file model_27.txt (compact mmCIF, C-alpha atoms and all ligand atoms)
# COMPACT_ATOMS: atom_id res chain seq x y z
CA MET A 1 78.82 70.07 90.76
CA PHE A 2 80.42 71.70 93.85
CA VAL A 3 79.68 75.11 95.34
CA MET A 4 83.37 75.49 96.28
CA ASP A 5 85.50 76.69 93.38
CA CYS A 6 88.53 74.78 94.64
CA LEU A 7 86.86 71.38 94.12
CA SER A 8 86.45 69.54 90.85
CA VAL A 9 86.48 66.05 89.35
CA ASN A 10 89.34 65.05 87.01
CA GLU A 11 89.44 62.72 83.98
CA LYS A 12 89.94 59.72 86.30
CA GLY A 13 86.70 60.56 88.09
CA HIS A 14 88.69 61.57 91.21
CA LEU A 15 87.89 64.53 93.42
CA THR A 16 90.48 67.30 93.10
CA ILE A 17 91.20 70.23 95.39
CA GLY A 18 93.32 73.18 94.28
CA GLY A 19 94.07 71.16 91.15
CA CYS A 20 95.53 68.24 93.17
CA ASP A 21 94.14 64.70 92.86
CA THR A 22 92.85 63.74 96.32
CA ILE A 23 93.70 60.07 95.78
CA GLN A 24 97.31 61.02 95.11
CA LEU A 25 97.32 63.22 98.22
CA ALA A 26 95.96 60.35 100.31
CA LYS A 27 98.68 58.05 98.93
CA GLU A 28 101.46 60.52 99.48
CA TYR A 29 100.53 61.88 102.92
CA GLY A 30 98.36 59.07 104.33
CA THR A 31 94.90 59.25 105.90
CA PRO A 32 93.10 60.75 107.71
CA LEU A 33 94.32 63.94 106.12
CA TYR A 34 93.18 67.53 106.31
CA VAL A 35 93.64 69.31 102.99
CA MET A 36 93.30 73.10 102.78
CA ASP A 37 93.11 75.15 99.60
CA GLU A 38 95.26 78.24 100.10
CA THR A 39 93.65 80.20 97.25
CA THR A 40 90.21 79.90 98.86
CA ILE A 41 91.59 81.23 102.16
CA ARG A 42 93.34 84.15 100.48
CA ASN A 43 90.28 84.97 98.36
CA ALA A 44 88.08 85.07 101.47
CA CYS A 45 90.53 87.44 103.22
CA ARG A 46 90.57 89.71 100.17
CA ALA A 47 86.79 89.70 99.82
CA TYR A 48 86.44 90.89 103.43
CA LYS A 49 89.02 93.62 102.95
CA ARG A 50 87.45 94.75 99.67
CA SER A 51 84.01 94.97 101.27
CA PHE A 52 85.41 97.38 103.90
CA GLU A 53 86.95 99.52 101.17
CA LYS A 54 83.77 99.54 99.12
CA HIS A 55 81.24 100.21 101.87
CA TYR A 56 83.11 101.82 104.74
CA ALA A 57 85.91 103.79 103.10
CA GLY A 58 88.38 101.21 104.36
CA LYS A 59 87.86 102.38 107.95
CA GLY A 60 87.94 98.91 109.40
CA LEU A 61 89.83 95.64 109.59
CA PRO A 62 88.86 91.96 109.59
CA PHE A 63 90.53 89.98 112.35
CA TYR A 64 90.70 86.27 111.52
CA ALA A 65 89.24 84.29 114.45
CA SER A 66 92.03 81.78 114.74
CA LYS A 67 90.04 79.40 116.95
CA ALA A 68 88.62 78.14 113.63
CA LEU A 69 92.07 76.84 112.64
CA ASN A 70 95.30 77.94 114.21
CA CYS A 71 98.70 76.75 113.08
CA LYS A 72 101.81 78.63 111.97
CA ALA A 73 101.18 78.24 108.24
CA ILE A 74 97.64 79.67 108.53
CA CYS A 75 98.84 82.55 110.71
CA ARG A 76 101.44 83.39 108.05
CA ILE A 77 98.82 83.41 105.27
CA ILE A 78 96.57 85.70 107.32
CA MET A 79 99.54 87.97 108.05
CA GLU A 80 100.48 88.14 104.35
CA GLU A 81 96.90 89.08 103.52
CA GLY A 82 97.09 91.99 105.97
CA LEU A 83 94.33 90.91 108.35
CA GLY A 84 94.48 91.09 112.12
CA LEU A 85 94.25 87.98 114.31
CA ASP A 86 91.91 87.09 117.16
CA VAL A 87 93.26 84.60 119.71
CA VAL A 88 91.53 83.16 122.77
CA SER A 89 94.28 81.41 124.68
CA GLY A 90 97.94 81.45 125.50
CA GLY A 91 98.41 78.58 123.03
CA GLU A 92 96.81 80.44 120.13
CA LEU A 93 98.82 83.55 121.02
CA TYR A 94 102.04 81.56 121.25
CA THR A 95 101.47 79.96 117.83
CA ALA A 96 100.77 83.35 116.24
CA LEU A 97 103.87 84.94 117.77
CA GLN A 98 106.01 81.98 116.71
CA ALA A 99 104.69 82.47 113.17
CA GLY A 100 105.94 86.06 113.34
CA PHE A 101 102.48 87.64 113.53
CA PRO A 102 102.78 91.29 114.63
CA ALA A 103 101.52 91.48 118.23
CA ASN A 104 99.90 94.86 117.73
CA LYS A 105 97.53 93.27 115.20
CA ILE A 106 96.42 90.58 117.65
CA HIS A 107 93.31 90.81 119.84
CA MET A 108 93.26 88.62 122.93
CA HIS A 109 89.87 87.11 123.80
CA GLY A 110 88.71 84.53 126.32
CA ASN A 111 86.02 84.39 129.00
CA ASN A 112 88.46 83.21 131.65
CA LYS A 113 91.96 84.30 130.76
CA THR A 114 94.35 83.14 133.42
CA PRO A 115 96.74 85.62 135.02
CA ALA A 116 99.54 83.85 133.13
CA GLU A 117 97.74 84.41 129.82
CA LEU A 118 97.09 88.07 130.64
CA ARG A 119 100.76 88.48 131.50
CA MET A 120 101.79 86.80 128.27
CA ALA A 121 99.53 89.15 126.28
CA LEU A 122 100.96 92.16 128.10
CA ASP A 123 104.55 91.07 127.57
CA ALA A 124 103.90 90.45 123.87
CA GLY A 125 102.23 93.85 123.53
CA VAL A 126 99.01 92.67 121.88
CA GLY A 127 96.88 95.37 120.26
CA ARG A 128 93.89 94.81 122.52
CA ILE A 129 92.78 92.66 125.39
CA VAL A 130 89.04 92.02 125.22
CA LEU A 131 87.65 92.18 128.75
CA ASP A 132 84.98 89.65 129.57
CA ASN A 133 84.32 90.24 133.28
CA LEU A 134 85.22 92.49 136.20
CA PHE A 135 87.46 90.00 137.92
CA GLU A 136 89.65 89.98 134.83
CA MET A 137 89.50 93.76 134.61
CA GLU A 138 90.82 94.14 138.14
CA THR A 139 93.58 91.58 137.61
CA LEU A 140 94.67 93.26 134.39
CA ASN A 141 94.57 96.76 135.87
CA GLN A 142 96.76 95.65 138.75
CA MET A 143 99.16 93.76 136.52
CA ALA A 144 99.48 96.70 134.12
CA GLY A 145 100.12 99.03 137.08
CA ASN A 146 102.90 96.77 138.38
CA LEU A 147 104.52 96.82 134.95
CA GLY A 148 104.02 100.56 134.58
CA LYS A 149 101.93 100.04 131.43
CA LYS A 150 98.72 101.55 130.14
CA VAL A 151 96.76 98.83 128.35
CA ALA A 152 94.29 99.24 125.47
CA VAL A 153 91.18 97.21 126.16
CA SER A 154 87.97 96.27 124.48
CA MET A 155 84.84 95.11 126.35
CA ARG A 156 82.67 92.21 125.26
CA VAL A 157 78.99 93.07 125.46
CA LYS A 158 75.99 90.75 125.11
CA PRO A 159 73.70 92.72 122.85
CA GLY A 160 70.75 90.38 123.46
CA ILE A 161 70.35 89.35 119.83
CA ASP A 162 68.84 85.96 119.17
CA ALA A 163 70.56 84.73 116.02
CA HIS A 164 68.70 81.83 114.43
CA THR A 165 71.26 79.15 114.82
CA HIS A 166 72.09 76.08 116.87
CA GLU A 167 71.47 76.69 120.56
CA PHE A 168 75.04 75.78 121.52
CA ILE A 169 76.53 78.49 119.34
CA ARG A 170 74.29 81.37 120.33
CA THR A 171 76.29 83.78 122.41
CA GLY A 172 74.68 87.20 122.17
CA GLN A 173 71.83 86.63 124.64
CA ILE A 174 71.73 87.20 128.41
CA ASP A 175 72.07 83.53 129.34
CA SER A 176 75.61 83.24 128.06
CA LYS A 177 78.95 82.86 129.77
CA PHE A 178 80.46 85.54 127.52
CA GLY A 179 80.65 89.25 128.26
CA PHE A 180 78.62 91.94 130.03
CA ALA A 181 74.82 92.09 129.65
CA LEU A 182 73.34 95.24 128.18
CA GLU A 183 69.72 94.89 129.26
CA THR A 184 70.50 94.57 132.95
CA GLY A 185 72.68 97.70 133.05
CA GLU A 186 75.70 95.52 133.85
CA ALA A 187 77.56 96.67 130.74
CA LEU A 188 77.21 100.40 131.45
CA GLN A 189 78.25 99.88 135.04
CA ALA A 190 81.28 97.92 133.86
CA VAL A 191 82.22 100.65 131.36
CA LYS A 192 82.30 103.15 134.22
CA GLN A 193 84.52 100.84 136.24
CA VAL A 194 86.91 100.40 133.32
CA LEU A 195 87.07 104.18 132.90
CA ALA A 196 87.96 104.47 136.57
CA ALA A 197 90.75 101.89 136.23
CA GLU A 198 93.86 103.99 135.90
CA ASN A 199 95.97 101.56 133.90
CA LEU A 200 93.36 100.68 131.26
CA THR A 201 92.21 102.65 128.22
CA LEU A 202 88.85 101.71 126.78
CA LYS A 203 89.27 101.69 123.00
CA GLU A 204 86.56 99.41 121.75
CA LEU A 205 83.25 97.70 122.37
CA HIS A 206 82.84 94.16 121.14
CA CYS A 207 79.95 91.80 120.49
CA HIS A 208 79.58 88.42 118.82
CA ILE A 209 76.09 87.07 118.31
CA GLY A 210 76.70 83.47 117.30
CA SER A 211 78.01 81.29 114.54
CA GLN A 212 76.94 79.83 111.17
CA ILE A 213 74.37 82.62 110.75
CA PHE A 214 72.80 83.05 107.31
CA GLU A 215 70.54 86.05 107.92
CA ILE A 216 71.90 89.59 107.68
CA GLU A 217 69.28 91.12 109.92
CA PRO A 218 70.68 89.88 113.29
CA PHE A 219 74.04 91.49 112.41
CA VAL A 220 72.33 94.76 111.49
CA GLN A 221 70.33 94.67 114.73
CA ALA A 222 73.49 94.00 116.75
CA ALA A 223 75.26 96.93 115.06
CA LYS A 224 72.34 99.23 115.88
CA VAL A 225 72.16 98.10 119.50
CA MET A 226 75.90 98.65 119.89
CA MET A 227 75.74 102.10 118.30
CA ASP A 228 72.91 103.04 120.67
CA PHE A 229 75.04 101.85 123.56
CA MET A 230 78.04 103.85 122.36
CA ALA A 231 75.82 106.94 122.24
CA GLU A 232 74.58 106.21 125.76
CA ILE A 233 78.17 105.88 127.00
CA ARG A 234 79.06 109.19 125.41
CA LYS A 235 76.08 110.88 127.07
CA GLU A 236 76.81 109.34 130.47
CA THR A 237 80.59 109.63 130.53
CA GLY A 238 81.63 111.93 127.68
CA LEU A 239 83.71 109.17 126.10
CA ALA A 240 83.45 108.59 122.33
CA ILE A 241 84.68 105.02 121.89
CA GLU A 242 86.74 104.85 118.76
CA SER A 243 86.22 101.27 117.59
CA LEU A 244 83.32 98.83 117.31
CA ASN A 245 84.00 95.12 116.92
CA LEU A 246 81.05 93.17 115.57
CA GLY A 247 82.54 89.67 115.92
CA GLY A 248 82.20 86.84 113.43
CA GLY A 249 79.62 84.18 112.76
CA PHE A 250 79.02 84.35 109.00
CA GLY A 251 77.58 81.12 107.65
CA ILE A 252 79.17 78.86 105.03
CA HIS A 253 78.12 75.95 102.82
CA TYR A 254 78.13 72.60 104.52
CA LEU A 255 75.39 71.35 102.21
CA THR A 256 74.63 72.62 98.72
CA SER A 257 71.25 73.74 100.04
CA ASP A 258 72.92 76.16 102.51
CA GLN A 259 72.62 79.76 101.39
CA PRO A 260 75.28 81.97 102.93
CA GLN A 261 75.14 85.66 102.05
CA PRO A 262 78.01 87.20 100.09
CA TYR A 263 80.28 89.12 102.51
CA ASP A 264 79.64 92.22 100.55
CA ARG A 265 75.92 92.25 101.34
CA TYR A 266 76.68 91.92 105.04
CA MET A 267 79.11 94.84 105.00
CA GLU A 268 76.79 96.98 102.90
CA ALA A 269 73.86 96.50 105.30
CA VAL A 270 75.92 96.92 108.46
CA SER A 271 77.73 100.01 107.16
CA LEU A 272 74.42 101.64 106.32
CA ALA A 273 73.04 100.88 109.79
CA ILE A 274 76.14 102.36 111.44
CA ARG A 275 76.09 105.45 109.26
CA GLU A 276 72.42 106.06 110.09
CA LYS A 277 72.94 105.54 113.80
CA ALA A 278 75.99 107.81 113.85
CA ALA A 279 73.90 110.55 112.23
CA GLU A 280 70.92 109.92 114.55
CA HIS A 281 73.05 110.20 117.70
CA ASP A 282 75.49 112.73 116.31
CA VAL A 283 78.45 110.51 117.26
CA PRO A 284 81.56 109.85 115.13
CA MET A 285 81.58 106.80 112.85
CA PRO A 286 83.64 104.19 114.68
CA PHE A 287 86.47 102.13 113.22
CA ILE A 288 84.90 98.73 112.51
CA CYS A 289 86.43 95.34 113.26
CA ILE A 290 84.93 91.98 112.45
CA GLU A 291 86.16 88.49 113.37
CA PRO A 292 85.33 85.93 110.70
CA GLY A 293 86.71 82.46 111.40
CA ARG A 294 84.68 79.73 109.75
CA SER A 295 83.97 81.80 106.65
CA ILE A 296 87.70 82.22 105.96
CA VAL A 297 88.87 78.64 106.33
CA GLY A 298 85.73 76.43 106.47
CA GLU A 299 85.02 75.87 102.80
CA ALA A 300 88.74 75.77 102.00
CA GLY A 301 89.16 72.44 103.80
CA ILE A 302 88.29 68.81 103.23
CA THR A 303 89.20 65.69 105.18
CA LEU A 304 90.21 62.45 103.48
CA TYR A 305 89.76 59.06 105.12
CA GLU A 306 90.22 55.47 104.04
CA ILE A 307 87.13 53.27 104.26
CA GLY A 308 87.54 50.12 106.34
CA GLY A 309 84.69 47.85 107.42
CA ILE A 310 81.20 48.21 105.97
CA LYS A 311 78.39 46.87 108.15
CA GLU A 312 75.00 46.62 106.47
CA ILE A 313 72.27 46.03 109.08
CA PRO A 314 69.10 45.10 107.19
CA ASN A 315 66.20 47.51 107.77
CA VAL A 316 68.34 49.59 110.11
CA ARG A 317 71.30 51.31 108.44
CA ASN A 318 74.62 50.85 106.70
CA TYR A 319 77.66 51.75 108.76
CA VAL A 320 80.67 52.72 106.69
CA SER A 321 83.73 52.90 108.94
CA ILE A 322 86.65 55.24 108.39
CA ASP A 323 90.15 55.49 109.83
CA GLY A 324 89.34 58.72 111.73
CA GLY A 325 86.22 60.14 113.33
CA MET A 326 85.35 62.29 116.33
CA THR A 327 89.02 62.72 117.21
CA ASP A 328 89.64 64.72 114.03
CA ASN A 329 86.08 66.05 113.62
CA PRO A 330 83.92 66.14 116.76
CA ARG A 331 81.29 68.46 115.27
CA PHE A 332 78.66 65.83 114.48
CA ALA A 333 79.02 64.33 117.97
CA LEU A 334 78.82 67.83 119.50
CA TYR A 335 76.11 69.52 117.44
CA GLN A 336 74.88 67.00 114.85
CA SER A 337 76.51 69.19 112.20
CA ALA A 338 75.61 68.52 108.58
CA TYR A 339 78.33 67.69 106.06
CA THR A 340 78.57 66.78 102.40
CA VAL A 341 80.31 63.43 102.05
CA LEU A 342 81.47 61.61 98.91
CA ILE A 343 83.81 58.89 97.77
CA ALA A 344 86.75 60.73 96.30
CA ASP A 345 87.83 57.97 93.91
CA LYS A 346 84.24 57.70 92.58
CA ALA A 347 83.41 61.40 92.61
CA GLY A 348 82.04 61.29 89.07
CA GLN A 349 79.54 58.54 89.94
CA ARG A 350 76.01 58.81 91.26
CA ALA A 351 75.53 58.93 95.03
CA ASP A 352 72.99 56.11 95.41
CA TYR A 353 74.01 54.44 98.68
CA GLN A 354 72.70 55.52 102.06
CA ALA A 355 75.51 55.44 104.58
CA THR A 356 76.20 56.34 108.16
CA ILE A 357 79.84 57.33 108.42
CA ALA A 358 81.29 55.83 111.59
CA GLY A 359 84.55 56.77 113.26
CA LYS A 360 86.96 54.34 114.94
CA CYS A 361 86.53 55.48 118.57
CA CYS A 362 84.90 53.45 121.32
CA GLU A 363 81.81 55.70 121.37
CA SER A 364 78.49 54.97 119.68
CA GLY A 365 78.18 58.71 119.08
CA ASP A 366 81.40 58.73 117.09
CA LEU A 367 79.79 59.46 113.74
CA ILE A 368 80.62 61.97 111.03
CA GLN A 369 77.23 61.87 109.34
CA LYS A 370 74.09 59.80 109.67
CA ASP A 371 72.12 58.37 106.73
CA THR A 372 73.79 60.43 104.04
CA MET A 373 73.97 59.57 100.33
CA ILE A 374 77.36 58.55 98.92
CA GLN A 375 78.64 56.49 95.99
CA THR A 376 78.64 52.71 96.58
CA PRO A 377 81.52 52.15 99.02
CA GLU A 378 84.17 49.44 98.97
CA VAL A 379 86.94 48.72 101.45
CA GLY A 380 89.96 50.88 100.57
CA ASP A 381 87.98 53.71 98.94
CA ILE A 382 88.92 57.24 99.96
CA LEU A 383 86.08 59.13 101.58
CA ALA A 384 86.04 62.93 101.47
CA VAL A 385 84.14 65.11 103.92
CA LEU A 386 83.76 68.67 102.64
CA SER A 387 83.88 72.03 104.45
CA THR A 388 86.05 70.76 107.30
CA GLY A 389 88.52 73.65 107.32
CA ALA A 390 87.06 75.26 110.45
CA TYR A 391 86.69 73.78 113.92
CA ASN A 392 88.03 70.37 112.92
CA TYR A 393 91.81 70.37 113.42
CA SER A 394 91.34 73.04 116.09
CA MET A 395 88.87 70.81 117.98
CA ALA A 396 90.75 67.56 117.40
CA SER A 397 91.76 65.36 120.33
CA ASN A 398 93.85 62.28 121.09
CA TYR A 399 90.93 60.28 122.49
CA ASN A 400 91.72 56.54 122.34
CA ARG A 401 95.31 57.70 121.85
CA ILE A 402 94.69 58.37 118.19
CA PRO A 403 97.33 60.68 116.69
CA ARG A 404 96.07 63.87 115.04
CA PRO A 405 96.23 63.93 111.23
CA ALA A 406 98.53 66.08 109.11
CA ILE A 407 97.43 69.26 107.35
CA VAL A 408 98.42 69.72 103.72
CA LEU A 409 98.07 73.05 101.95
CA VAL A 410 97.35 72.98 98.22
CA ARG A 411 97.60 75.79 95.73
CA ASP A 412 97.65 75.76 91.92
CA ARG A 413 98.27 72.00 91.68
CA GLU A 414 101.09 72.05 94.26
CA ALA A 415 100.85 70.51 97.73
CA ARG A 416 102.96 71.21 100.81
CA LEU A 417 102.87 69.91 104.34
CA ALA A 418 101.71 72.53 106.87
CA VAL A 419 101.37 70.38 109.99
CA ARG A 420 103.05 66.98 110.38
CA ARG A 421 100.98 63.93 111.33
CA GLU A 422 101.37 63.11 115.01
CA SER A 423 103.32 59.96 115.75
CA TYR A 424 102.89 57.47 118.58
CA GLU A 425 106.09 58.97 119.98
CA ASP A 426 104.32 62.38 120.08
CA LEU A 427 101.54 60.77 122.12
CA ILE A 428 103.87 59.76 124.93
CA ARG A 429 106.12 62.83 124.71
CA ASN A 430 104.91 64.22 128.03
CA ASP A 431 104.30 60.90 129.80
CA LEU A 432 106.64 60.30 132.74
C1 LIG B 501 84.30 86.32 119.93
C2 LIG B 501 84.26 85.52 118.70
N1 LIG B 501 84.68 86.07 117.55
C3 LIG B 501 84.68 85.35 116.39
C4 LIG B 501 84.26 84.05 116.36
C5 LIG B 501 84.32 83.32 115.06
O1 LIG B 501 83.09 82.88 114.63
P1 LIG B 501 82.96 82.23 113.19
O2 LIG B 501 84.01 81.20 113.07
O3 LIG B 501 81.60 81.63 113.20
O4 LIG B 501 83.11 83.32 112.20
C6 LIG B 501 83.80 83.44 117.54
C7 LIG B 501 83.34 82.05 117.51
O5 LIG B 501 82.93 81.44 118.44
C8 LIG B 501 83.80 84.20 118.74
O6 LIG B 501 83.39 83.66 119.89

call {"tool": "encode", "arguments": {"input": "model_27.txt", "output": "structure tokens", "more": "lines below"}}
Ligand SMILES: Cc1ncc(COP(=O)(O)O)c(C=O)c1O
result
Amino acid sequence: MFVMDCLSVNEKGHLTIGGCDTIQLAKEYGTPLYVMDETTIRNACRAYKRSFEKHYAGKGLPFYASKALNCKAICRIIMEEGLGLDVVSGGELYTALQAGFPANKIHMHGNNKTPAELRMALDAGVGRIVLDNLFEMETLNQMAGNLGKKVAVSMRVKPGIDAHTHEFIRTGQIDSKFGFALETGEALQAVKQVLAAENLTLKELHCHIGSQIFEIEPFVQAAKVMMDFMAEIRKETGLAIESLNLGGGFGIHYLTSDQPQPYDRYMEAVSLAIREKAAEHDVPMPFICIEPGRSIVGEAGITLYEIGGIKEIPNVRNYVSIDGGMTDNPRFALYQSAYTVLIADKAGQRADYQATIAGKCCESGDLIQKDTMIQTPEVGDILAVLSTGAYNYSMASNYNRIPRPAIVLVRDREARLAVRRESYEDLIRNDL
């Protein structure tokens, strides 16, 4: 019935996750509620690591892109699974460090890191700082010099790959705010400037071509383009860059019709491309890093809401209102993202009612899904939205002064609180 192994329907006809009855979870922890299945997260981490061992002799490491979902409990799970961590802000870095994540396994991203964030990364001793522009490079070089440090850096390159995905999440092409462009010669010029910066050591090249990508070919193309560029750098400067970071972006199921590729097929194809390019250019095989975010936590998560008012507008549509909305999941409002929605207490029944799921904010665009099929709703039912583990909590806001929901982790029929629900007191904590 579900593509996610962690979901099922019990004898009461209720949706379960990680063996826990979602109706019980809603009762115990309240709604809206994010629920994450820990086993799914750990299995995804292990599948990525295994694919490196199988196809690349283990000469690589997945770095979890924590922008997908960053809180202390998730950082600890990722740490226990032996992955690295990618952070893009002082806040993500702070959370990871507070969780005890080893700084040398953290990569610091961001297209406009502030001097304070750069300083924080330097003080923590992060494994790499991923340079996005020359202004940042100069600031970092100076800062490192003042501290008497030599800093390992990576450089984000736009490989010019057009991944077939939503326009807003395409980042590998020239017209992007991220990184240095390859086609224009900007990237090579920047590499030379980094090599001339006496307090920086160029360890890695990085690219990320987009998100929610189902095809393998764009990743293979990106790997080839980057290998060609590494060969060009070696020819021009003599430097053999030791590591290649191919970013994240692997697609997941939002709908049953979605067809993500198994991680293994991705790694197999990319490893082959790298091997061939290394032989063609007679350059060493680089250490490979990838940065999956969504594909580690996305399918592990669901959000539970209580249904309030139901407004049936004849010949128009049926609005089914919930006690959350764009404040806990802005992805439909931002990119019209598709989701699978069902009534958790009627999960065993047929979905024969066309509903538009409306949030509680003062915005007409505050919808979770438009004209989707669910079981016949009644006030007080618990609605479940699937695949909300990535870019939901991490994109949540307090618009309309709505407190952010709690996160509960489930595993083998046990549930534990990972993030407390915000209170009204939390909302005014910083008000003077
Ligand atoms: C540099 C970088 N790495 C990794 C990711 C993670 O992408 P995903 O969650 O689609 O795997 C992103 C997402 O925007 C990114 O910008």

call {"tool": "closest_residue", "arguments": {"input": "model_27.txt", "among": "A:Arg50, A:His208, A:Arg76, A:Lys370", "to": "ligand LIG 501 (chain B)", "atoms": "all atoms listed in the file"}}
result
A:His208

call {"tool": "residues_near_ligand", "arguments": {"input": "model_27.txt", "ligand": "ligand LIG 501 (chain B)", "cutoff": "8 Å", "atoms": "only C-alpha atoms and all ligand atoms", "output": "VMD selection string"}}
result
chain A and resid 64 to 68 86 109 to 110 169 171 207 to 208 210 to 213 247 to 251 290 to 296 390 to 391

call {"tool": "atom_distance", "arguments": {"input": "model_27.txt", "atom1": "CA of Asp328 in chain A", "atom2": "CA of Arg404 in chain A"}}
result
6.6 Å

call {"tool": "closest_residue", "arguments": {"input": "model_27.txt", "among": "A:Leu182, A:Ala344, A:Cys289, A:Ala338", "to": "Tyr48 in chain A", "atoms": "only C-alpha atoms"}}
result
A:Cys289

call {"tool": "residues_near_point", "arguments": {"input": "model_27.txt", "point": "(95.8, 86.5, 105.5)", "cutoff": "8 Å", "atoms": "all atoms listed in the file", "output": "PyMOL selection string"}}
result
chain A and resi 41-42+45+64+74-83

call {"tool": "write_last_selection", "arguments": {"input": "model_27.txt", "atoms": "C-alpha atoms", "output": "PDB file, keeping the file's coordinate frame"}}
result
ATOM      1  CA  ILE A  41      91.590  81.230 102.160  1.00  0.00           C
ATOM      2  CA  ARG A  42      93.340  84.150 100.480  1.00  0.00           C
ATOM      3  CA  CYS A  45      90.530  87.440 103.220  1.00  0.00           C
ATOM      4  CA  TYR A  64      90.700  86.270 111.520  1.00  0.00           C
ATOM      5  CA  ILE A  74      97.640  79.670 108.530  1.00  0.00           C
ATOM      6  CA  CYS A  75      98.840  82.550 110.710  1.00  0.00           C
ATOM      7  CA  ARG A  76     101.440  83.390 108.050  1.00  0.00           C
ATOM      8  CA  ILE A  77      98.820  83.410 105.270  1.00  0.00           C
ATOM      9  CA  ILE A  78      96.570  85.700 107.320  1.00  0.00           C
ATOM     10  CA  MET A  79      99.540  87.970 108.050  1.00  0.00           C
ATOM     11  CA  GLU A  80     100.480  88.140 104.350  1.00  0.00           C
ATOM     12  CA  GLU A  81      96.900  89.080 103.520  1.00  0.00           C
ATOM     13  CA  GLY A  82      97.090  91.990 105.970  1.00  0.00           C
ATOM     14  CA  LEU A  83      94.330  90.910 108.350  1.00  0.00           C
TER      15      LEU A  83
END

call {"tool": "closest_residue", "arguments": {"input": "model_27.txt", "among": "A:Gly19, A:Pro159, A:Gly125, A:Pro32", "to": "Pro102 in chain A", "atoms": "only C-alpha atoms"}}
result
A:Gly125

call {"tool": "closest_residue", "arguments": {"input": "model_27.txt", "among": "A:Glu299, A:Asp345, A:Asp371, A:Glu198", "to": "Glu38 in chain A", "atoms": "all atoms listed in the file"}}
result
A:Glu299

call {"tool": "residues_around", "arguments": {"input": "model_27.txt", "residues": "Ile374 in chain A", "least_positions_apart": "2", "cutoff": "8 Å", "atoms": "only C-alpha atoms", "output": "list in words"}}
result
Val341, Leu342, Ile343, Arg350, Ala351, Asp352, Tyr353, Gln354, Ala355, Thr372, Thr376 and Pro377 of chain A

call {"tool": "write_last_selection", "arguments": {"input": "model_27.txt", "atoms": "C-alpha atoms", "output": "mmCIF file, keeping the file's coordinate frame"}}
result
data_model
loop_
_atom_site.group_PDB
_atom_site.id
_atom_site.type_symbol
_atom_site.label_atom_id
_atom_site.label_comp_id
_atom_site.auth_asym_id
_atom_site.auth_seq_id
_atom_site.Cartn_x
_atom_site.Cartn_y
_atom_site.Cartn_z
ATOM 1 C CA VAL A 341 80.310 63.430 102.050
ATOM 2 C CA LEU A 342 81.470 61.610 98.910
ATOM 3 C CA ILE A 343 83.810 58.890 97.770
ATOM 4 C CA ARG A 350 76.010 58.810 91.260
ATOM 5 C CA ALA A 351 75.530 58.930 95.030
ATOM 6 C CA ASP A 352 72.990 56.110 95.410
ATOM 7 C CA TYR A 353 74.010 54.440 98.680
ATOM 8 C CA GLN A 354 72.700 55.520 102.060
ATOM 9 C CA ALA A 355 75.510 55.440 104.580
ATOM 10 C CA THR A 372 73.790 60.430 104.040
ATOM 11 C CA THR A 376 78.640 52.710 96.580
ATOM 12 C CA PRO A 377 81.520 52.150 99.020
#

call {"tool": "closest_residue", "arguments": {"input": "model_27.txt", "among": "A:Ile382, A:Gly148, A:Asp228, A:Met267", "to": "Glu280 in chain A", "atoms": "all atoms listed in the file"}}
result
A:Asp228

call {"tool": "closest_residue", "arguments": {"input": "model_27.txt", "among": "A:Val320, A:Ala96, A:Ala121, A:Ala333", "to": "Ile357 in chain A", "atoms": "all atoms listed in the file"}}
result
A:Val320

call {"tool": "axis_aligned_box", "arguments": {"input": "model_27.txt", "around": "range 49-56 of chain A", "padding_each_side": "5 Å", "output": "JSON"}}
result
{"center_x": 85.1, "center_y": 97.7, "center_z": 101.9, "size_x": 17.8, "size_y": 18.2, "size_z": 15.6}

call {"tool": "closest_atom_pairs", "arguments": {"input": "model_27.txt", "of": "range 315-339 of chain A", "to": "range 300-307 of chain A", "cutoff": "6 Å", "atoms": "all atoms listed in the file", "output": "tab-separated table"}}
result
residue	atom	partner	partner_atom	distance
A:Ser321	CA	A:Ile307	CA	5.8
A:Ile322	CA	A:Ile307	CA	4.6
A:Asp323	CA	A:Glu306	CA	5.8

call {"tool": "atom_distance", "arguments": {"input": "model_27.txt", "atom1": "CA of Leu134 in chain A", "atom2": "CA of Glu186 in chain A"}}
result
10.3 Å

call {"tool": "residues_around", "arguments": {"input": "model_27.txt", "residues": "range 1-11 of chain A", "least_positions_apart": "2", "cutoff": "10 Å", "atoms": "all atoms listed in the file", "output": "number ranges by chain"}}
result
A: 13-22, 36-40, 253-258, 299-302, 344-348, 386-387, 410-412

call {"tool": "atom_distance", "arguments": {"input": "model_27.txt", "atom1": "CA of Ser271 in chain A", "atom2": "CA of Val194 in chain A"}}
result
27.7 Å

call {"tool": "residues_around", "arguments": {"input": "model_27.txt", "residues": "Leu25 in chain A", "least_positions_apart": "5", "cutoff": "9 Å", "atoms": "only C-alpha atoms", "output": "PyMOL selection string"}}
result
chain A and resi 20+30-31+33+35+304+408+415

call {"tool": "residues_around", "arguments": {"input": "model_27.txt", "residues": "Leu188 in chain A", "least_positions_apart": "3", "cutoff": "12 Å", "atoms": "only C-alpha atoms", "output": "list in words"}}
result
Met155, Arg156, Val157, Lys158, Phe180, Ala181, Leu182, Glu183, Thr184, Gly185, Val191, Lys192, Gln193, Val194, Leu195, Leu205, Met226, Asp228, Phe229, Met230, Ala231, Glu232, Ile233, Arg234, Lys235, Glu236 and Thr237 of chain A
